[in-house]
$ cat my_file.csv   # CSV, C-alpha atoms
chain,number,residue,atom,x,y,z
A,1,MET,CA,265.5,-189.0,115.6
A,2,THR,CA,264.0,-187.1,118.4
A,3,VAL,CA,264.6,-183.3,118.8
A,4,TRP,CA,266.7,-184.0,122.0
A,5,GLN,CA,269.0,-186.4,120.1
A,6,ILE,CA,269.4,-183.9,117.3
A,7,VAL,CA,270.1,-181.1,119.8
A,8,LEU,CA,272.6,-183.1,121.8
A,9,LEU,CA,274.5,-184.7,118.8
A,10,ALA,CA,274.8,-181.4,117.0
A,11,SER,CA,275.9,-179.6,120.2
A,12,VAL,CA,278.6,-182.1,121.1
A,13,ALA,CA,279.9,-182.1,117.5
A,14,VAL,CA,280.3,-178.4,117.4
A,15,LEU,CA,281.9,-178.3,120.8
A,16,ALA,CA,284.3,-181.2,119.8
A,17,LEU,CA,285.4,-179.2,116.7
A,18,LYS,CA,286.5,-176.3,119.0
A,19,VAL,CA,288.5,-178.7,121.3
A,20,VAL,CA,290.0,-180.5,118.3
A,21,GLY,CA,291.4,-177.1,117.0
A,22,TYR,CA,293.5,-176.7,120.2
A,23,LEU,CA,295.0,-180.2,119.6
A,24,VAL,CA,295.9,-179.7,116.0
A,25,PRO,CA,299.5,-178.7,115.4
A,26,PRO,CA,299.4,-175.0,114.3
A,27,LYS,CA,301.6,-175.9,111.2
A,28,LEU,CA,298.8,-177.8,109.6
A,29,MET,CA,296.3,-175.0,109.5
A,30,GLU,CA,299.0,-172.5,108.4
A,31,ARG,CA,299.0,-174.3,105.1
A,32,PRO,CA,296.8,-172.5,102.6
A,33,THR,CA,294.4,-175.3,101.5
A,34,PRO,CA,292.8,-176.4,104.9
A,35,ALA,CA,292.5,-172.7,105.9
A,36,ARG,CA,290.9,-171.8,102.6
A,37,VAL,CA,288.5,-174.8,102.6
A,38,ALA,CA,287.4,-173.9,106.2
A,39,ASN,CA,286.8,-170.2,105.3
A,40,LEU,CA,285.0,-170.9,102.0
A,41,THR,CA,282.8,-173.6,103.6
A,42,THR,CA,281.6,-170.9,106.1
A,43,VAL,CA,280.9,-168.5,103.2
A,44,GLY,CA,279.0,-171.1,101.2
A,45,LEU,CA,276.9,-172.3,104.1
A,46,LEU,CA,276.0,-168.7,105.2
A,47,ALA,CA,275.1,-167.7,101.6
A,48,ALA,CA,272.8,-170.8,101.3
A,49,LEU,CA,271.2,-170.0,104.7
A,50,VAL,CA,270.5,-166.4,103.7
A,51,VAL,CA,268.6,-167.8,100.6
A,52,THR,CA,266.7,-170.5,102.5
A,53,GLN,CA,265.9,-168.2,105.4
A,54,THR,CA,264.7,-165.4,103.1
A,55,PHE,CA,262.7,-167.4,100.5
A,56,GLU,CA,261.9,-170.9,101.9
A,57,ARG,CA,258.5,-171.7,103.3
A,58,ALA,CA,257.1,-175.3,103.7
A,59,GLY,CA,259.7,-176.7,101.2
A,60,ASP,CA,259.1,-174.1,98.5
A,61,LEU,CA,260.4,-170.7,97.5
A,62,VAL,CA,258.0,-167.7,98.2
A,63,LEU,CA,258.3,-164.0,98.0
A,64,ASP,CA,257.1,-162.3,101.1
A,65,ALA,CA,258.0,-159.5,103.6
A,66,ARG,CA,261.3,-161.1,104.4
A,67,LEU,CA,262.8,-160.1,101.0
A,68,PRO,CA,262.5,-156.3,101.4
A,69,ALA,CA,263.7,-156.6,105.0
A,70,VAL,CA,266.8,-158.5,103.9
A,71,VAL,CA,267.5,-156.1,101.0
A,72,LEU,CA,267.3,-153.2,103.5
A,73,ALA,CA,269.6,-155.1,105.8
A,74,GLY,CA,272.2,-155.5,103.0
A,75,ILE,CA,272.1,-151.7,102.4
A,76,LEU,CA,272.6,-151.0,106.1
A,77,PHE,CA,275.5,-153.5,106.4
A,78,ALA,CA,277.1,-151.8,103.4
A,79,LEU,CA,276.8,-148.5,105.2
A,80,ARG,CA,278.5,-150.1,108.2
A,81,VAL,CA,275.5,-149.7,110.5
A,82,PRO,CA,276.1,-151.9,113.7
A,83,PHE,CA,274.9,-155.5,113.6
A,84,ILE,CA,272.2,-155.4,116.3
A,85,VAL,CA,270.7,-152.2,114.8
A,86,VAL,CA,270.4,-153.8,111.4
A,87,ILE,CA,268.8,-156.9,112.9
A,88,VAL,CA,266.2,-154.9,114.7
A,89,VAL,CA,265.4,-152.8,111.6
A,90,ALA,CA,265.0,-155.9,109.5
A,91,ALA,CA,262.6,-157.4,112.0
A,92,LEU,CA,260.6,-154.2,112.2
A,93,THR,CA,260.5,-153.9,108.4
A,94,ALA,CA,259.0,-157.3,107.9
A,95,ALA,CA,256.7,-156.9,110.9
A,96,GLY,CA,255.5,-153.5,109.6
A,97,LEU,CA,254.8,-154.8,106.1
A,98,ARG,CA,252.9,-157.7,107.5
A,99,LEU,CA,250.9,-155.4,109.8
A,100,LEU,CA,250.0,-153.4,106.7
A,101,GLY,CA,249.0,-156.6,105.0
A,102,TRP,CA,251.6,-156.2,102.2
A,103,MET,CA,253.6,-159.3,101.2
A,104,ALA,CA,252.3,-161.2,104.2
B,105,MET,CA,302.6,-156.6,140.6
B,106,THR,CA,305.1,-154.1,139.3
B,107,SER,CA,306.6,-155.8,136.4
B,108,SER,CA,308.0,-153.5,133.7
B,109,ASP,CA,308.3,-156.2,131.0
B,110,VAL,CA,304.5,-156.5,130.6
B,111,ASP,CA,303.0,-154.2,128.0
B,112,ARG,CA,299.7,-152.9,129.5
B,113,SER,CA,299.2,-150.1,126.9
B,114,GLY,CA,296.5,-152.0,125.0
B,115,ASP,CA,294.5,-153.2,128.0
B,116,GLY,CA,291.9,-150.3,128.0
B,117,ALA,CA,291.2,-150.5,124.2
B,118,ALA,CA,290.9,-154.3,124.4
B,119,LEU,CA,288.4,-154.1,127.3
B,120,ARG,CA,286.3,-151.5,125.5
B,121,ALA,CA,286.2,-153.5,122.3
B,122,SER,CA,285.3,-156.7,124.2
B,123,LEU,CA,282.5,-155.1,126.1
B,124,SER,CA,280.9,-153.3,123.2
B,125,VAL,CA,281.0,-156.3,120.9
B,126,GLY,CA,280.1,-158.7,123.7
B,127,ILE,CA,277.0,-156.8,124.8
B,128,ALA,CA,275.7,-156.2,121.2
B,129,VAL,CA,276.1,-159.8,120.2
B,130,ALA,CA,274.6,-161.2,123.5
B,131,ALA,CA,271.5,-159.1,123.0
B,132,TYR,CA,270.8,-161.0,119.8
B,133,GLY,CA,270.3,-164.2,121.8
B,134,LEU,CA,266.8,-162.9,122.4
B,135,SER,CA,265.8,-163.6,118.8
B,136,PHE,CA,267.6,-167.0,118.9
B,137,GLY,CA,265.6,-168.1,121.9
B,138,ALA,CA,262.3,-166.8,120.4
B,139,LEU,CA,263.0,-168.4,117.0
B,140,ALA,CA,264.1,-171.7,118.6
B,141,VAL,CA,260.7,-172.2,120.3
B,142,ALA,CA,258.9,-171.1,117.2
B,143,SER,CA,260.9,-173.9,115.3
B,144,GLY,CA,259.5,-176.5,117.6
B,145,LEU,CA,262.1,-176.7,120.3
B,146,ASP,CA,261.2,-176.4,124.0
B,147,VAL,CA,262.8,-173.9,126.3
B,148,TRP,CA,265.4,-176.4,127.7
B,149,GLN,CA,266.4,-177.5,124.2
B,150,ALA,CA,267.0,-173.9,123.2
B,151,CYS,CA,269.1,-173.4,126.3
B,152,VAL,CA,271.2,-176.6,125.8
B,153,LEU,CA,272.1,-175.3,122.3
B,154,SER,CA,273.3,-172.0,123.7
B,155,LEU,CA,275.1,-173.7,126.7
B,156,VAL,CA,276.9,-176.5,124.8
B,157,MET,CA,277.0,-175.6,121.1
B,158,PHE,CA,277.5,-171.9,121.7
B,159,SER,CA,278.1,-170.8,118.1
B,160,GLY,CA,275.5,-168.5,116.6
B,161,GLY,CA,275.7,-169.6,113.0
B,162,SER,CA,275.4,-173.3,113.9
B,163,GLN,CA,272.6,-172.7,116.3
B,164,PHE,CA,270.5,-170.8,113.8
B,165,ALA,CA,271.3,-173.5,111.2
B,166,VAL,CA,269.9,-176.2,113.5
B,167,ILE,CA,266.6,-174.5,114.2
B,168,GLY,CA,266.3,-173.3,110.6
B,169,VAL,CA,266.6,-176.8,109.2
B,170,LEU,CA,264.3,-178.2,111.9
B,171,ALA,CA,261.7,-175.5,111.3
B,172,SER,CA,261.3,-176.4,107.7
B,173,GLY,CA,262.1,-180.1,107.7
B,174,GLY,CA,261.1,-181.3,111.2
B,175,THR,CA,262.9,-184.2,113.0
B,176,ALA,CA,263.2,-186.1,109.6
B,177,ALA,CA,265.8,-183.5,108.7
B,178,GLY,CA,267.8,-184.3,111.8
B,179,PRO,CA,270.9,-185.6,110.1
B,180,ALA,CA,271.0,-182.6,107.8
B,181,ALA,CA,270.6,-180.3,110.8
B,182,ILE,CA,273.5,-181.9,112.6
B,183,ALA,CA,275.7,-181.9,109.5
B,184,SER,CA,274.9,-178.2,108.8
B,185,ALA,CA,275.8,-177.3,112.3
B,186,ALA,CA,279.0,-179.2,112.3
B,187,LEU,CA,280.2,-177.8,108.9
B,188,LEU,CA,279.5,-174.3,110.1
B,189,GLY,CA,281.4,-175.1,113.3
B,190,LEU,CA,284.4,-176.1,111.3
B,191,ARG,CA,285.6,-172.5,111.2
B,192,ASN,CA,285.8,-172.6,115.0
B,193,SER,CA,288.5,-175.3,114.7
B,194,LEU,CA,290.5,-172.9,112.6
B,195,TYR,CA,290.0,-170.1,115.2
B,196,ALA,CA,291.2,-172.6,117.9
B,197,VAL,CA,294.4,-173.3,116.0
B,198,ARG,CA,295.0,-169.5,115.8
B,199,MET,CA,294.1,-168.9,119.5
B,200,GLY,CA,296.1,-171.8,120.9
B,201,PRO,CA,299.5,-169.9,121.2
B,202,ILE,CA,297.7,-166.7,122.4
B,203,VAL,CA,295.8,-168.5,125.2
B,204,GLY,CA,298.9,-170.5,126.1
B,205,GLY,CA,299.4,-171.9,129.6
B,206,PRO,CA,298.5,-175.4,130.9
B,207,TRP,CA,296.1,-177.8,129.1
B,208,TRP,CA,293.2,-176.9,131.3
B,209,ARG,CA,293.3,-173.3,130.2
B,210,ARG,CA,292.9,-174.3,126.6
B,211,LEU,CA,290.1,-176.6,127.5
B,212,LEU,CA,288.4,-173.7,129.2
B,213,ALA,CA,289.0,-171.5,126.2
B,214,ALA,CA,287.6,-174.1,123.7
B,215,PRO,CA,283.9,-173.4,124.3
B,216,LEU,CA,284.5,-169.6,124.1
B,217,THR,CA,286.3,-169.9,120.7
B,218,ILE,CA,283.8,-168.3,118.3
B,219,ASP,CA,283.8,-165.6,115.6
B,220,GLU,CA,283.6,-162.6,117.9
B,221,SER,CA,286.1,-163.6,120.6
B,222,THR,CA,288.7,-164.6,118.0
B,223,ALA,CA,288.1,-161.4,116.0
B,224,VAL,CA,288.4,-159.1,119.0
B,225,GLY,CA,291.3,-161.1,120.5
B,226,THR,CA,293.5,-161.3,117.4
B,227,ALA,CA,292.8,-157.6,116.5
B,228,GLN,CA,294.7,-156.3,119.6
B,229,PRO,CA,298.3,-155.2,119.2
B,230,THR,CA,299.7,-156.6,122.5
B,231,LEU,CA,299.7,-160.2,123.8
B,232,ARG,CA,298.0,-159.1,127.0
B,233,GLY,CA,295.4,-157.2,125.0
B,234,GLN,CA,294.8,-160.3,122.8
B,235,ARG,CA,294.2,-162.4,125.9
B,236,ILE,CA,291.9,-159.8,127.4
B,237,GLY,CA,290.0,-159.4,124.1
B,238,PHE,CA,289.5,-163.1,123.8
B,239,TRP,CA,288.5,-164.0,127.4
B,240,VAL,CA,286.3,-160.9,128.1
B,241,THR,CA,284.5,-161.0,124.7
B,242,GLY,CA,284.0,-164.8,125.0
B,243,GLY,CA,282.9,-164.6,128.6
B,244,VAL,CA,280.5,-161.6,128.2
B,245,ILE,CA,278.9,-163.3,125.2
B,246,TYR,CA,278.7,-166.7,126.9
B,247,VAL,CA,276.9,-165.3,130.0
B,248,GLY,CA,274.8,-162.8,128.0
B,249,TRP,CA,273.8,-165.1,125.2
B,250,ASN,CA,272.6,-167.8,127.5
B,251,LEU,CA,270.6,-165.4,129.6
B,252,THR,CA,269.0,-163.8,126.5
B,253,THR,CA,268.3,-167.2,125.0
B,254,LEU,CA,266.4,-168.2,128.1
B,255,ALA,CA,264.5,-164.9,128.1
B,256,GLY,CA,263.8,-165.1,124.3
B,257,ALA,CA,262.6,-168.7,124.6
B,258,LEU,CA,260.2,-167.8,127.5
B,259,LEU,CA,258.9,-164.8,125.7
B,260,GLY,CA,258.6,-166.7,122.4
B,261,ASP,CA,256.5,-169.2,124.3
B,262,LEU,CA,254.2,-166.4,125.4
B,263,VAL,CA,253.9,-164.3,122.2
B,264,GLY,CA,253.2,-167.2,119.8
B,265,ASP,CA,253.9,-166.7,116.1
B,266,VAL,CA,257.2,-164.8,115.9
B,267,ARG,CA,256.7,-164.2,112.1
B,268,GLN,CA,254.3,-161.5,113.2
B,269,TYR,CA,257.3,-159.7,114.7
B,270,GLY,CA,259.6,-160.2,111.7
B,271,LEU,CA,261.9,-162.5,113.6
B,272,ASP,CA,262.2,-164.8,110.5
B,273,ALA,CA,263.5,-161.8,108.5
B,274,ALA,CA,265.8,-161.0,111.4
B,275,ALA,CA,267.4,-164.5,111.2
B,276,ALA,CA,268.0,-164.0,107.4
B,277,ALA,CA,269.5,-160.6,108.1
B,278,ALA,CA,271.7,-162.2,110.8
B,279,PHE,CA,273.1,-164.7,108.3
B,280,LEU,CA,273.7,-161.8,105.9
B,281,GLY,CA,275.6,-159.9,108.6
B,282,LEU,CA,277.8,-162.9,109.4
B,283,ILE,CA,278.7,-163.4,105.7
B,284,TRP,CA,279.2,-159.7,104.9
B,285,PRO,CA,282.8,-159.2,106.3
B,286,ARG,CA,283.9,-162.3,104.5
B,287,LEU,CA,283.0,-161.1,101.0
B,288,SER,CA,286.3,-159.2,100.6
B,289,ALA,CA,287.8,-161.0,97.5
B,290,LEU,CA,286.6,-162.5,94.2
B,291,GLN,CA,286.8,-166.1,95.4
B,292,PRO,CA,284.5,-165.8,98.4
B,293,VAL,CA,282.0,-163.7,96.5
B,294,ALA,CA,281.9,-166.3,93.7
B,295,VAL,CA,281.4,-169.1,96.2
B,296,ALA,CA,278.6,-167.1,97.9
B,297,VAL,CA,276.8,-166.5,94.6
B,298,ALA,CA,277.2,-170.1,93.5
B,299,ALA,CA,276.1,-171.5,96.9
B,300,ALA,CA,273.0,-169.2,96.9
B,301,VAL,CA,272.0,-170.3,93.4
B,302,VAL,CA,272.5,-174.0,94.3
B,303,ALA,CA,270.4,-173.6,97.5
B,304,ALA,CA,267.7,-171.8,95.6
B,305,VAL,CA,267.5,-174.2,92.7
B,306,LEU,CA,267.5,-177.3,95.0
B,307,THR,CA,265.1,-176.1,97.7
B,308,PRO,CA,261.8,-177.0,95.9
B,309,TRP,CA,263.1,-180.5,95.1
B,310,LEU,CA,265.0,-181.8,98.1
B,311,PRO,CA,264.2,-182.2,101.8
B,312,ALA,CA,265.0,-179.3,104.1
B,313,GLY,CA,268.7,-179.0,104.9
B,314,ILE,CA,270.1,-180.9,101.9
B,315,PRO,CA,270.2,-177.9,99.6
B,316,VAL,CA,272.4,-176.1,102.3
B,317,LEU,CA,274.7,-179.1,102.5
B,318,ALA,CA,275.0,-179.2,98.7
B,319,ALA,CA,275.9,-175.5,98.7
B,320,ALA,CA,278.7,-176.3,101.2
B,321,LEU,CA,280.1,-179.0,98.9
B,322,VAL,CA,280.4,-176.4,96.2
B,323,ALA,CA,282.4,-174.3,98.6
B,324,ILE,CA,284.6,-177.2,99.5
B,325,ALA,CA,285.3,-178.1,95.9
B,326,VAL,CA,286.3,-174.5,95.2
B,327,GLY,CA,288.5,-174.5,98.3
B,328,ILE,CA,290.4,-177.6,97.3
B,329,THR,CA,290.9,-176.7,93.6
B,330,ASN,CA,291.4,-173.0,94.4
B,331,VAL,CA,289.5,-171.9,91.4
B,332,LEU,CA,289.5,-168.0,91.1
B,333,GLY,CA,291.9,-168.0,94.0
B,334,SER,CA,294.8,-165.7,94.5
B,335,ARG,CA,298.4,-166.7,94.0
B,336,PRO,CA,299.9,-169.1,96.7
B,337,VAL,CA,301.8,-166.3,98.4
B,338,ASP,CA,298.6,-164.2,98.8
B,339,ALA,CA,296.7,-167.3,100.0
B,340,ARG,CA,299.1,-167.8,102.8
B,341,GLN,CA,298.8,-164.2,103.9
B,342,GLU,CA,295.0,-164.5,103.8
B,343,ALA,CA,295.1,-167.6,106.0
B,344,GLN,CA,296.8,-165.6,108.7
B,345,THR,CA,294.7,-162.5,108.7

$ encode --input "my_file.csv" --output "structure tokens"
Amino acid sequence: MTVWQIVLLASVAVLALKVVGYLVPPKLMERPTPARVANLTTVGLLAALVVTQTFERAGDLVLDARLPAVVLAGILFALRVPFIVVIVVAALTAAGLRLLGWMA
Amino acid sequence: MTSSDVDRSGDGAALRASLSVGIAVAAYGLSFGALAVASGLDVWQACVLSLVMFSGGSQFAVIGVLASGGTAAGPAAIASAALLGLRNSLYAVRMGPIVGGPWWRRLLAAPLTIDESTAVGTAQPTLRGQRIGFWVTGGVIYVGWNLTTLAGALLGDLVGDVRQYGLDAAAAAAFLGLIWPRLSALQPVAVAVAAAVVAAVLTPWLPAGIPVLAAALVAIAVGITNVLGSRPVDARQEAQT
């Protein structure tokens, strides 16, 4: 597949899922199972993405400056610091550690 | 218009919430644009993702999978984006009665149906406030997110390796921020831990993107069987909050 094919297919799929939601009778999603599956799928995917985005490099797990940045982000989220502030602090933490040559 | 049967008491609060959430989230498009070009997309491909897909989690999933697996991981990238986009269907079902009106209004609402617009919209106490919250939040983020994506992609092209600026850590922190408010009960926490373990164990062995999908299957299995779930009455309440 080319990058364009991937970008367009994925984009249309995600857009179509939004449109489909407006066509679904509300009664269906008020039932517990479909709603629970949709919510837990989001949780599972995001958790997996936190792990791969924090540790993965070239198909392997590595420990580098991303880990302390993400741990700090977790502490800040727990303290209810606003989203965008946490993101910037996480980036600066990893950038600073790499600048110092630690855990590059 | 001087109608007394319309409750305007919540308009101001809805507008303030929409603008503060909208502007904060839109700013984050900068790092999406920069990371997208760092992952091998060109500026236009980054912009198409923000214009058409317009769902942060799915967009970051696509570029994350492509960054580690290249175009060979295309099917996994598409599947990850679609599975993450599944929750938007749920939001659309919830927003349908609030948006109301003729079919074209819902069609216009569909692209704007994301985490933030649904959260701000449904959090308002009046119907007018809910509509203001949804449309203003969605509209501000749509315009802002696309402008910042373009800016980030152009900047990312100029500055080169974004790891130097910690943007890879920023993306990980963003996923963490998206999952954080969802970890409010035992079942989602258990799913998050199980999914994280599955992804970590499989990553060295399977092509990029597949470990993330395997983790999603764990979540779906738990969702269907309702292991560690609350009683049915509670589950119905959760589904509506």

$ residues_around --input "my_file.csv" --residues "A:Gln53" --least-positions-apart "2" --cutoff "12 Å" --atoms "all atoms listed in the file" --output "MDAnalysis selection string"
(chainID A and resid 45:51 55:67 69:70) or (chainID B and resid 139 164:165 167:169 171:172 270:280 300 303:304 307 312:313 316)

$ closest_atom_pairs --input "my_file.csv" --of "chain A" --to "chain B" --cutoff "6 Å" --atoms "only C-alpha atoms" --output "tab-separated table"
residue	atom	partner	partner_atom	distance
A:Ile6	CA	B:Gly178	CA	5.7
A:Ala10	CA	B:Ile182	CA	4.6
A:Ser11	CA	B:Met157	CA	4.2
A:Val14	CA	B:Ala186	CA	5.3
A:Leu15	CA	B:Met157	CA	5.6
A:Leu17	CA	B:Ser193	CA	5.4
A:Lys18	CA	B:Ser193	CA	4.8
A:Val19	CA	B:Ala214	CA	5.3
A:Gly21	CA	B:Ser193	CA	4.1
A:Tyr22	CA	B:Ala196	CA	5.2
A:Pro26	CA	B:Val197	CA	5.5
A:Pro32	CA	B:Arg340	CA	5.2
A:Ala35	CA	B:Ala343	CA	5.7
A:Arg36	CA	B:Gly327	CA	5.6
A:Val37	CA	B:Gly327	CA	4.3
A:Ala38	CA	B:Arg191	CA	5.5
A:Leu40	CA	B:Ala323	CA	5.5
A:Thr41	CA	B:Ala323	CA	5.1
A:Thr42	CA	B:Leu188	CA	5.7
A:Val43	CA	B:Ala296	CA	5.9
A:Gly44	CA	B:Ala296	CA	5.2
A:Leu45	CA	B:Ala320	CA	5.3
A:Leu46	CA	B:Phe279	CA	5.8
A:Ala47	CA	B:Ala296	CA	5.1
A:Ala48	CA	B:Ala300	CA	4.7
A:Val50	CA	B:Ala276	CA	5.1
A:Val51	CA	B:Ala300	CA	5.9
A:Gln53	CA	B:Ala276	CA	5.1
A:Thr54	CA	B:Ala276	CA	5.6
A:Ala58	CA	B:Ser172	CA	5.9
A:Gly59	CA	B:Pro308	CA	5.7
A:Asp60	CA	B:Pro308	CA	4.7
A:Arg66	CA	B:Ala273	CA	4.7
A:Val70	CA	B:Ala277	CA	5.4
A:Ala73	CA	B:Ala277	CA	6.0
A:Ile87	CA	B:Ala274	CA	5.3
A:Ala90	CA	B:Ala274	CA	5.5
A:Ala91	CA	B:Gly270	CA	4.1
A:Ala94	CA	B:Gly270	CA	4.8
A:Ala95	CA	B:Gly270	CA	4.5

$ atom_distance --input "my_file.csv" --atom1 "atom CA of B:Ala138" --atom2 "atom CA of B:Leu254"
8.8 Å

$ atom_distance --input "my_file.csv" --atom1 "atom CA of B:Ala289" --atom2 "atom CA of A:Pro68"
26.0 Å

$ atom_distance --input "my_file.csv" --atom1 "atom CA of B:Asp115" --atom2 "atom CA of B:Thr241"
13.1 Å

$ residues_around --input "my_file.csv" --residues "B:Gln234" --least-positions-apart "5" --cutoff "6 Å" --atoms "all atoms listed in the file" --output "PyMOL selection string"
chain B and resi 225-226+228

$ build_atoms --input "my_file.csv" --residues "stretch 41-67 of chain A" --atoms "N, CA and C atoms" --output "compact mmCIF listing (two decimals), in the coordinates of the input"
# COMPACT_ATOMS: atom_id res chain seq x y z
N THR A 41 283.94 -172.78 103.18
CA THR A 41 282.80 -173.60 103.60
C THR A 41 281.85 -172.68 104.43
N THR A 42 282.41 -171.84 105.29
CA THR A 42 281.60 -170.90 106.10
C THR A 42 280.84 -169.97 105.15
N VAL A 43 281.53 -169.41 104.16
CA VAL A 43 280.90 -168.50 103.20
C VAL A 43 279.75 -169.18 102.47
N GLY A 44 280.02 -170.39 101.96
CA GLY A 44 279.00 -171.10 101.20
C GLY A 44 277.78 -171.44 102.01
N LEU A 45 278.00 -171.93 103.24
CA LEU A 45 276.90 -172.30 104.10
C LEU A 45 276.05 -171.04 104.45
N LEU A 46 276.72 -169.95 104.80
CA LEU A 46 276.00 -168.70 105.20
C LEU A 46 275.19 -168.20 104.01
N ALA A 47 275.78 -168.23 102.81
CA ALA A 47 275.10 -167.70 101.60
C ALA A 47 273.81 -168.58 101.38
N ALA A 48 273.96 -169.91 101.51
CA ALA A 48 272.80 -170.80 101.30
C ALA A 48 271.74 -170.54 102.38
N LEU A 49 272.18 -170.28 103.60
CA LEU A 49 271.20 -170.00 104.70
C LEU A 49 270.52 -168.68 104.51
N VAL A 50 271.21 -167.69 103.96
CA VAL A 50 270.50 -166.40 103.70
C VAL A 50 269.38 -166.68 102.69
N VAL A 51 269.66 -167.49 101.66
CA VAL A 51 268.60 -167.80 100.60
C VAL A 51 267.46 -168.54 101.24
N THR A 52 267.77 -169.64 101.95
CA THR A 52 266.70 -170.50 102.50
C THR A 52 265.87 -169.69 103.53
N GLN A 53 266.58 -168.93 104.37
CA GLN A 53 265.90 -168.20 105.40
C GLN A 53 265.04 -167.05 104.85
N THR A 54 265.43 -166.54 103.67
CA THR A 54 264.70 -165.40 103.10
C THR A 54 263.51 -165.91 102.22
N PHE A 55 263.68 -167.04 101.51
CA PHE A 55 262.70 -167.40 100.50
C PHE A 55 261.91 -168.70 100.86
N GLU A 56 262.46 -169.56 101.74
CA GLU A 56 261.90 -170.90 101.90
C GLU A 56 260.64 -170.82 102.83
N ARG A 57 259.57 -171.46 102.40
CA ARG A 57 258.50 -171.70 103.30
C ARG A 57 257.82 -173.04 102.94
N ALA A 58 257.75 -173.96 103.90
CA ALA A 58 257.10 -175.30 103.70
C ALA A 58 257.69 -175.97 102.44
N GLY A 59 259.01 -175.92 102.29
CA GLY A 59 259.70 -176.70 101.20
C GLY A 59 259.56 -176.02 99.84
N ASP A 60 259.13 -174.76 99.78
CA ASP A 60 259.10 -174.10 98.50
C ASP A 60 259.65 -172.67 98.63
N LEU A 61 259.90 -172.04 97.48
CA LEU A 61 260.40 -170.70 97.50
C LEU A 61 259.21 -169.71 97.37
N VAL A 62 259.12 -168.73 98.26
CA VAL A 62 258.00 -167.70 98.20
C VAL A 62 258.65 -166.35 98.35
N LEU A 63 257.96 -165.36 97.78
CA LEU A 63 258.30 -164.00 98.00
C LEU A 63 257.41 -163.36 99.02
N ASP A 64 257.97 -162.91 100.15
CA ASP A 64 257.10 -162.30 101.10
C ASP A 64 257.87 -161.13 101.82
N ALA A 65 257.40 -160.69 102.95
CA ALA A 65 258.00 -159.50 103.60
C ALA A 65 259.41 -159.65 103.99
N ARG A 66 259.92 -160.91 103.99
CA ARG A 66 261.30 -161.10 104.40
C ARG A 66 262.26 -160.49 103.35
N LEU A 67 261.89 -160.54 102.05
CA LEU A 67 262.80 -160.10 101.00
C LEU A 67 263.14 -158.57 101.15
